[in-house]
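Student: structure29.txt is the file, holding compact mmCIF, C-alpha atoms and all ligand atoms:
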# COMPACT_ATOMS: atom_id res chain seq x y z
CA MET T 1 -46.66 254.53 141.88
CA THR T 2 -45.42 251.29 143.37
CA SER T 3 -44.98 250.30 146.98
CA GLY T 4 -42.39 247.57 146.31
CA SER T 5 -39.73 247.01 148.95
CA ALA T 6 -36.63 249.10 148.33
CA ALA T 7 -34.36 246.20 149.14
CA SER T 8 -34.70 242.96 147.18
CA SER T 9 -31.74 240.58 147.02
CA GLY T 10 -28.72 240.37 144.76
CA ARG T 11 -27.99 243.92 143.72
CA LEU T 12 -26.19 247.15 144.41
CA LEU T 13 -28.43 249.95 145.60
CA LEU T 14 -27.21 253.55 145.47
CA VAL T 15 -28.93 255.38 148.30
CA ALA T 16 -28.93 259.16 148.68
CA THR T 17 -28.50 260.47 152.23
CA PRO T 18 -29.12 263.97 153.67
CA LEU T 19 -26.74 266.87 152.91
CA GLY T 20 -27.25 268.10 156.45
CA ASN T 21 -30.90 267.99 157.48
CA LEU T 22 -31.81 264.49 158.67
CA GLY T 23 -35.43 265.11 157.68
CA ASP T 24 -34.38 264.79 154.03
CA ILE T 25 -33.86 261.01 154.21
CA THR T 26 -36.61 259.33 152.20
CA VAL T 27 -38.85 256.54 153.49
CA ARG T 28 -37.49 254.16 150.84
CA SER T 29 -33.89 255.02 151.72
CA LEU T 30 -34.48 254.34 155.41
CA GLU T 31 -36.09 251.01 154.57
CA ALA T 32 -33.19 250.04 152.28
CA LEU T 33 -30.52 251.01 154.82
CA ARG T 34 -32.28 249.08 157.59
CA SER T 35 -32.45 245.89 155.56
CA ALA T 36 -29.08 246.11 153.74
CA ASP T 37 -26.68 243.19 154.10
CA ALA T 38 -23.73 245.59 153.89
CA VAL T 39 -23.29 249.34 153.39
CA LEU T 40 -20.30 250.75 151.53
CA CYS T 41 -19.39 254.28 152.55
CA GLU T 42 -16.57 256.81 152.11
CA ASP T 43 -15.93 257.45 155.80
CA THR T 44 -17.15 254.87 158.33
CA ARG T 45 -17.04 257.42 161.20
CA ARG T 46 -19.21 259.92 159.36
CA THR T 47 -21.74 257.38 158.11
CA GLY T 48 -21.59 255.64 161.49
CA LEU T 49 -22.79 258.84 163.13
CA LEU T 50 -25.62 259.20 160.62
CA PHE T 51 -26.64 255.57 161.24
CA LYS T 52 -26.63 256.12 164.99
CA LEU T 53 -28.97 259.11 164.61
CA LEU T 54 -31.25 257.13 162.29
CA GLY T 55 -31.11 253.92 164.38
CA ILE T 56 -29.53 251.83 161.60
CA THR T 57 -27.27 248.90 162.46
CA ALA T 58 -26.25 247.54 159.01
CA PRO T 59 -22.52 246.70 158.82
CA LEU T 60 -20.34 249.40 157.26
CA GLN T 61 -17.45 248.78 154.85
CA PRO T 62 -15.16 251.58 153.61
CA TYR T 63 -15.11 252.24 149.86
CA HIS T 64 -12.86 254.84 148.26
CA ALA T 65 -10.58 255.27 145.24
CA HIS T 66 -7.68 253.51 147.03
CA ASN T 67 -9.42 250.21 147.89
CA GLU T 68 -11.72 250.14 144.89
CA HIS T 69 -10.35 246.87 143.39
CA ALA T 70 -10.37 244.84 146.62
CA VAL T 71 -13.92 246.02 147.41
CA LEU T 72 -15.12 245.21 143.92
CA THR T 73 -14.12 241.55 144.22
CA ARG T 74 -15.94 241.23 147.55
CA VAL T 75 -19.06 243.08 146.39
CA VAL T 76 -19.37 240.98 143.23
CA GLU T 77 -19.26 237.86 145.42
CA GLN T 78 -21.82 239.25 147.88
CA ILE T 79 -24.23 240.21 145.09
CA ARG T 80 -23.79 236.85 143.30
CA ASN T 81 -24.71 235.23 146.65
CA GLY T 82 -28.01 237.13 146.63
CA ARG T 83 -27.03 239.93 149.01
CA THR T 84 -28.12 243.54 148.80
CA VAL T 85 -25.15 245.88 149.05
CA VAL T 86 -25.91 249.58 149.53
CA LEU T 87 -23.55 252.37 148.49
CA VAL T 88 -23.81 255.75 150.23
CA SER T 89 -21.55 258.82 150.09
CA ASP T 90 -20.58 261.20 152.90
CA ALA T 91 -23.62 263.27 151.97
CA GLY T 92 -26.05 263.47 149.07
CA THR T 93 -26.15 261.12 146.11
CA PRO T 94 -23.35 258.54 145.80
CA GLY T 95 -21.52 258.66 142.48
CA VAL T 96 -21.96 262.43 142.02
CA SER T 97 -18.35 263.74 142.17
CA ASP T 98 -17.10 260.68 144.06
CA PRO T 99 -15.68 257.27 142.97
CA GLY T 100 -19.09 255.54 143.25
CA PHE T 101 -19.56 255.49 139.48
CA LEU T 102 -16.53 253.17 139.13
CA LEU T 103 -18.35 250.52 141.14
CA VAL T 104 -21.56 250.99 139.14
CA ARG T 105 -19.67 250.65 135.86
CA ALA T 106 -17.79 247.55 137.01
CA LEU T 107 -20.94 245.79 138.25
CA LEU T 108 -22.90 246.63 135.08
CA GLU T 109 -20.03 245.21 133.02
CA GLN T 110 -20.43 241.94 134.96
CA GLY T 111 -24.16 241.88 134.23
CA LEU T 112 -25.15 242.52 137.87
CA GLU T 113 -28.17 244.53 138.94
CA VAL T 114 -27.81 248.13 140.05
CA ASP T 115 -30.61 250.41 141.23
CA VAL T 116 -30.82 253.94 142.65
CA LEU T 117 -32.99 255.41 145.38
CA PRO T 118 -33.06 259.11 144.52
CA GLY T 119 -32.81 261.84 147.13
CA PRO T 120 -30.68 264.81 148.18
CA THR T 121 -27.88 266.17 146.00
CA ALA T 122 -26.27 269.60 146.34
CA LEU T 123 -26.34 270.71 142.72
CA ILE T 124 -30.11 270.85 142.26
CA PRO T 125 -31.07 273.09 145.23
CA ALA T 126 -28.12 275.39 144.37
CA LEU T 127 -29.32 275.64 140.77
CA LEU T 128 -32.87 276.46 141.85
CA LEU T 129 -31.72 279.02 144.42
CA SER T 130 -29.58 280.83 141.82
CA GLY T 131 -32.61 282.05 139.89
CA PHE T 132 -30.75 281.31 136.63
CA PRO T 133 -32.41 279.22 133.90
CA CYS T 134 -32.87 275.59 134.99
CA ASP T 135 -34.15 274.22 131.69
CA ARG T 136 -30.61 273.71 130.36
CA PHE T 137 -27.60 273.50 132.63
CA VAL T 138 -24.15 271.92 132.76
CA PHE T 139 -22.70 270.31 135.87
CA GLU T 140 -18.89 270.63 135.85
CA GLY T 141 -18.29 269.13 139.32
CA PHE T 142 -14.88 270.11 140.75
CA LEU T 143 -12.58 271.99 138.36
CA PRO T 144 -9.27 270.19 137.71
CA LEU T 145 -6.64 271.35 140.22
CA LYS T 146 -3.73 271.63 137.78
CA LYS T 147 -3.70 269.95 134.39
CA GLY T 148 -6.48 271.21 132.15
CA ARG T 149 -7.74 273.78 134.65
CA LYS T 150 -7.13 276.86 132.48
CA THR T 151 -8.63 275.25 129.38
CA ARG T 152 -11.71 274.13 131.35
CA ILE T 153 -12.25 277.59 132.79
CA GLU T 154 -11.82 279.22 129.39
CA SER T 155 -14.31 276.80 127.85
CA LEU T 156 -16.94 278.23 130.19
CA ARG T 157 -16.64 281.72 128.64
CA SER T 158 -18.93 280.86 125.72
CA GLU T 159 -21.09 278.29 127.58
CA SER T 160 -24.66 279.49 127.18
CA ARG T 161 -26.16 277.04 129.68
CA THR T 162 -26.18 277.70 133.43
CA VAL T 163 -22.94 276.26 134.87
CA ILE T 164 -22.75 274.45 138.23
CA LEU T 165 -19.43 273.89 140.02
CA TYR T 166 -18.53 272.19 143.29
CA GLU T 167 -15.84 273.97 145.30
CA SER T 168 -14.11 273.82 148.66
CA PRO T 169 -13.71 276.76 151.06
CA HIS T 170 -9.89 276.65 150.64
CA ARG T 171 -10.03 277.19 146.90
CA ILE T 172 -13.12 279.33 146.37
CA LEU T 173 -11.24 282.64 146.28
CA ARG T 174 -8.70 281.39 143.73
CA THR T 175 -11.49 279.91 141.59
CA LEU T 176 -13.56 283.10 141.70
CA GLY T 177 -10.49 285.15 140.70
CA GLU T 178 -9.75 282.89 137.73
CA LEU T 179 -13.39 282.83 136.64
CA LYS T 180 -13.61 286.62 136.89
CA THR T 181 -10.57 286.96 134.62
CA ALA T 182 -11.87 284.45 132.05
CA LEU T 183 -15.61 285.27 132.06
CA GLY T 184 -15.48 288.95 133.05
CA PRO T 185 -16.37 290.59 136.39
CA GLU T 186 -19.96 291.29 135.32
CA ARG T 187 -20.97 287.66 134.75
CA ARG T 188 -23.61 286.90 137.38
CA ALA T 189 -23.07 284.08 139.84
CA CYS T 190 -24.53 282.54 142.96
CA LEU T 191 -22.68 280.90 145.82
CA ALA T 192 -24.93 278.51 147.75
CA ARG T 193 -23.39 277.45 151.05
CA GLU T 194 -24.27 274.93 153.74
CA LEU T 195 -27.44 273.82 151.95
CA THR T 196 -30.15 272.40 154.22
CA LYS T 197 -28.02 273.23 157.29
CA LEU T 198 -28.45 275.80 160.05
CA HIS T 199 -26.15 278.37 158.41
CA GLN T 200 -27.43 278.01 154.84
CA GLU T 201 -26.57 281.14 152.85
CA THR T 202 -26.98 282.24 149.24
CA LEU T 203 -24.88 285.05 147.77
CA ARG T 204 -26.08 286.29 144.36
CA LEU T 205 -23.55 288.74 142.88
CA PRO T 206 -21.53 289.37 139.70
CA LEU T 207 -18.22 287.44 139.79
CA GLY T 208 -16.13 290.55 140.58
CA GLU T 209 -18.30 291.50 143.56
CA LEU T 210 -18.61 287.91 144.72
CA GLU T 211 -14.81 287.58 144.78
CA ALA T 212 -14.53 290.82 146.79
CA ALA T 213 -17.23 289.66 149.23
CA CYS T 214 -15.47 286.31 149.74
CA ALA T 215 -12.09 288.03 150.20
CA GLN T 216 -13.60 290.19 152.92
CA ARG T 217 -15.45 287.38 154.66
CA PRO T 218 -14.05 283.96 153.64
CA PRO T 219 -16.99 281.57 153.28
CA LYS T 220 -16.91 278.40 155.35
CA GLY T 221 -18.43 274.97 154.91
CA GLU T 222 -19.68 273.15 151.82
CA MET T 223 -20.47 275.24 148.77
CA VAL T 224 -21.78 275.16 145.20
CA LEU T 225 -21.05 277.91 142.68
CA VAL T 226 -23.63 278.55 139.97
CA ILE T 227 -22.78 280.83 137.03
CA GLU T 228 -25.22 282.36 134.58
CA GLY T 229 -24.70 281.17 131.01
CA ALA T 230 -23.10 283.47 128.42
CA LYS T 231 -25.58 285.69 126.64
CA ALA T 232 -25.63 285.13 122.90
CA ARG T 233 -23.85 288.07 121.18
CA PRO T 234 -26.22 290.01 118.88
CA ASP T 235 -23.86 289.58 115.88
CA ALA T 236 -23.62 285.82 116.54
CA MET T 237 -27.42 285.60 116.71
CA GLU T 238 -27.76 287.53 113.48
CA SER T 239 -25.44 285.20 111.59
CA ARG T 240 -27.32 282.16 112.98
CA GLU T 241 -30.62 283.59 111.81
CA ASN T 242 -29.10 284.16 108.38
CA GLU T 243 -27.90 280.55 108.30
CA GLU T 244 -31.37 279.30 109.25
CA ASP T 245 -33.01 281.48 106.58
CA ALA T 246 -30.65 280.22 103.86
N1 LIG K 301 -22.54 263.39 146.58
C1 LIG K 301 -22.68 264.82 146.80
C2 LIG K 301 -23.93 265.34 146.11
O1 LIG K 301 -24.80 264.54 145.77
O2 LIG K 301 -24.08 266.55 145.93
C3 LIG K 301 -21.44 265.56 146.34
C4 LIG K 301 -20.15 265.03 146.87
S1 LIG K 301 -18.77 266.03 146.55
C5 LIG K 301 -17.51 264.96 147.08
C6 LIG K 301 -18.79 267.21 147.85
C7 LIG K 301 -19.20 268.60 147.35
O3 LIG K 301 -20.61 268.69 147.28
C8 LIG K 301 -18.80 269.72 148.30
O4 LIG K 301 -17.45 270.13 148.10
C9 LIG K 301 -19.76 270.81 147.91
O5 LIG K 301 -19.33 271.44 146.72
C10 LIG K 301 -21.04 269.99 147.60
N2 LIG K 301 -21.89 269.92 148.80
C11 LIG K 301 -22.11 268.84 149.57
N3 LIG K 301 -22.95 269.15 150.58
C12 LIG K 301 -23.26 270.47 150.44
C13 LIG K 301 -24.07 271.39 151.16
N4 LIG K 301 -24.74 271.03 152.25
N5 LIG K 301 -24.15 272.67 150.72
C14 LIG K 301 -23.48 273.05 149.62
N6 LIG K 301 -22.70 272.23 148.90
C15 LIG K 301 -22.59 270.96 149.29
For the structure just supplied, provide its representation as structure tokens.
Ligand code: SAM
Tutor:
Amino acid sequence: MTSGSAASSGRLLLVATPLGNLGDITVRSLEALRSADAVLCEDTRRTGLLFKLLGITAPLQPYHAHNEHAVLTRVVEQIRNGRTVVLVSDAGTPGVSDPGFLLVRALLEQGLEVDVLPGPTALIPALLLSGFPCDRFVFEGFLPLKKGRKTRIESLRSESRTVILYESPHRILRTLGELKTALGPERRACLARELTKLHQETLRLPLGELEAACAQRPPKGEMVLVIEGAKARPDAMESRENEEDA
């Protein structure tokens, strides 16, 4: 264990922030946010509110897919001048299903230092709450909206690892319907909603029943869908054993 300061100069620090419960901010993250020269965030109003609650006054700069190039030029200059620039997302770990990785990649390509202060992210608590195997899993993030959506969903049919998807309340019903058709209504799933917040809820049901439950009472808020991996078919296992014996 080290007790080094989270914020030394001349680098980009990716800092995870709470999904909902403020108590989930880490000591190192607080220290880094307090001493940052600049903080890049997706939504300055949302992060501004978090900073107010945490008593942080570091200057905020918006960073999203549309101003990525302009921000990159400025950040490279700031880091070359010995500044510590922090990247946060609206909630959780920056770079997970948001454009943060583009900045990381660009800075690494320029030989600049990047570090991460780990902390909250939605996929891990959802995975653990599902009760499905956690030793091997695949994080699919958001499914494509149009192009490639059907192929992606069909590829999950034979996926033997636990599958984790991010989804929005507007699309969850459509996604559950498409998954039920492709994977079968009996495939077990878990919808973890509003993690770490007051109305946290976990629904563990087969896809067919989960779709019906969500049709009856549309789920609100942020959600993660976890799907049990495909069971190996006995005939497939047999032929693999034969191959191994040969
Ligand atoms: N950076 C975030 C992370 O580390 O998990 C993910 C950002 S992604 C743009 C937003 C998605 O994360 C939401 O649509 C939802 O699927 C998931 N998410 C974020 N907060 C959540 C929460 N409190 N409960 C459940 N899912 C959440």
Student: Kindly compile the residues surrounding ligand LIG 301 (chain K) within 8 Å, counting all atoms listed in the file, and format them as number ranges by chain.
Tutor: T: 16, 19-20, 89-98, 120-123, 126, 141-142, 165-168, 192-197, 200, 221-225
Student: When distances are computed from all atoms listed in the file, which of T:Ala182, T:Ile172, T:Ala106, T:Leu128 shows the smallest separation from Arg157 (chain T)?
Tutor: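 Going through T:Ala182, T:Ile172, T:Ala106, T:Leu128 one by one, the smallest distance to Arg157 (chain T) is for T:Ala182.
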Student: Could you please determine the separation between CA of Leu103 (chain T) and CA of Arg11 (chain T) in Å, to one decimal place?
Tutor: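 Rounded to one decimal, the two atoms are 12.0 Å apart.
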Student: Using all atoms listed in the file, which residue out of T:Arg174, T:His66, T:Arg136, T:Arg83 lies closest to Arg149 (chain T)?
Tutor: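 The answer is T:Arg174, which sits nearest to Arg149 (chain T).
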Student: Would you compute the distance between CA of Gln78 (chain T) and CA of Gly10 (chain T)? Give it in Å to one decimal.
Tutor: 7.7 Å
Student: Neighbours of Arg204 (chain T) within 10 Å (only C-alpha atoms; same-chain residues fewer than 5 positions away dropped), as a list in words?
Tutor: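 Surrounding residues, per the criterion: Leu129, Ser130, Gly131, Arg188, Ala189, Cys190, Leu191, Ala192, Glu209, Leu210, Leu225, Val226 and Ile227 of chain T.
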Student: Grab the CA of Pro59 (chain T) to CA of Gly82 (chain T) distance for me, in Å with one decimal place.
Tutor: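 Distance reported for this atom pair: 16.4 Å.
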Student: Please determine an axis-aligned box that encloses all atoms of region 210-229 of chain T listed in the file, with 4 Å added on each side, and express its centre and edge lengths in Å to one decimal as JSON.
Tutor:
{"center_x": -18.7, "center_y": 282.0, "center_z": 143.2, "size_x": 21.1, "size_y": 25.7, "size_z": 32.3}
Student: Rank nothing, just name the residue among T:Leu203, T:Ile153, T:Ala70, T:Leu12 nearest to Leu108 (chain T), using all atoms listed in the file.
Tutor: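 Among the listed residues, T:Leu12 lies closest to Leu108 (chain T).
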Student: What lies within 10 Å of Arg45 (chain T) using all atoms listed in the file, ignoring chain neighbours under 3 positions off, as an mmCIF file with C-alpha atoms, keeping the file's coordinate frame?
Tutor:
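This went into out14.cif:
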data_model
loop_
_atom_site.group_PDB
_atom_site.id
_atom_site.type_symbol
_atom_site.label_atom_id
_atom_site.label_comp_id
_atom_site.auth_asym_id
_atom_site.auth_seq_id
_atom_site.Cartn_x
_atom_site.Cartn_y
_atom_site.Cartn_z
ATOM 1 C CA CYS T 41 -19.390 254.280 152.550
ATOM 2 C CA GLU T 42 -16.570 256.810 152.110
ATOM 3 C CA GLY T 48 -21.590 255.640 161.490
ATOM 4 C CA LEU T 49 -22.790 258.840 163.130
ATOM 5 C CA LEU T 50 -25.620 259.200 160.620
ATOM 6 C CA PHE T 51 -26.640 255.570 161.240
ATOM 7 C CA LEU T 60 -20.340 249.400 157.260
ATOM 8 C CA PRO T 62 -15.160 251.580 153.610
ATOM 9 C CA ASP T 90 -20.580 261.200 152.900
#
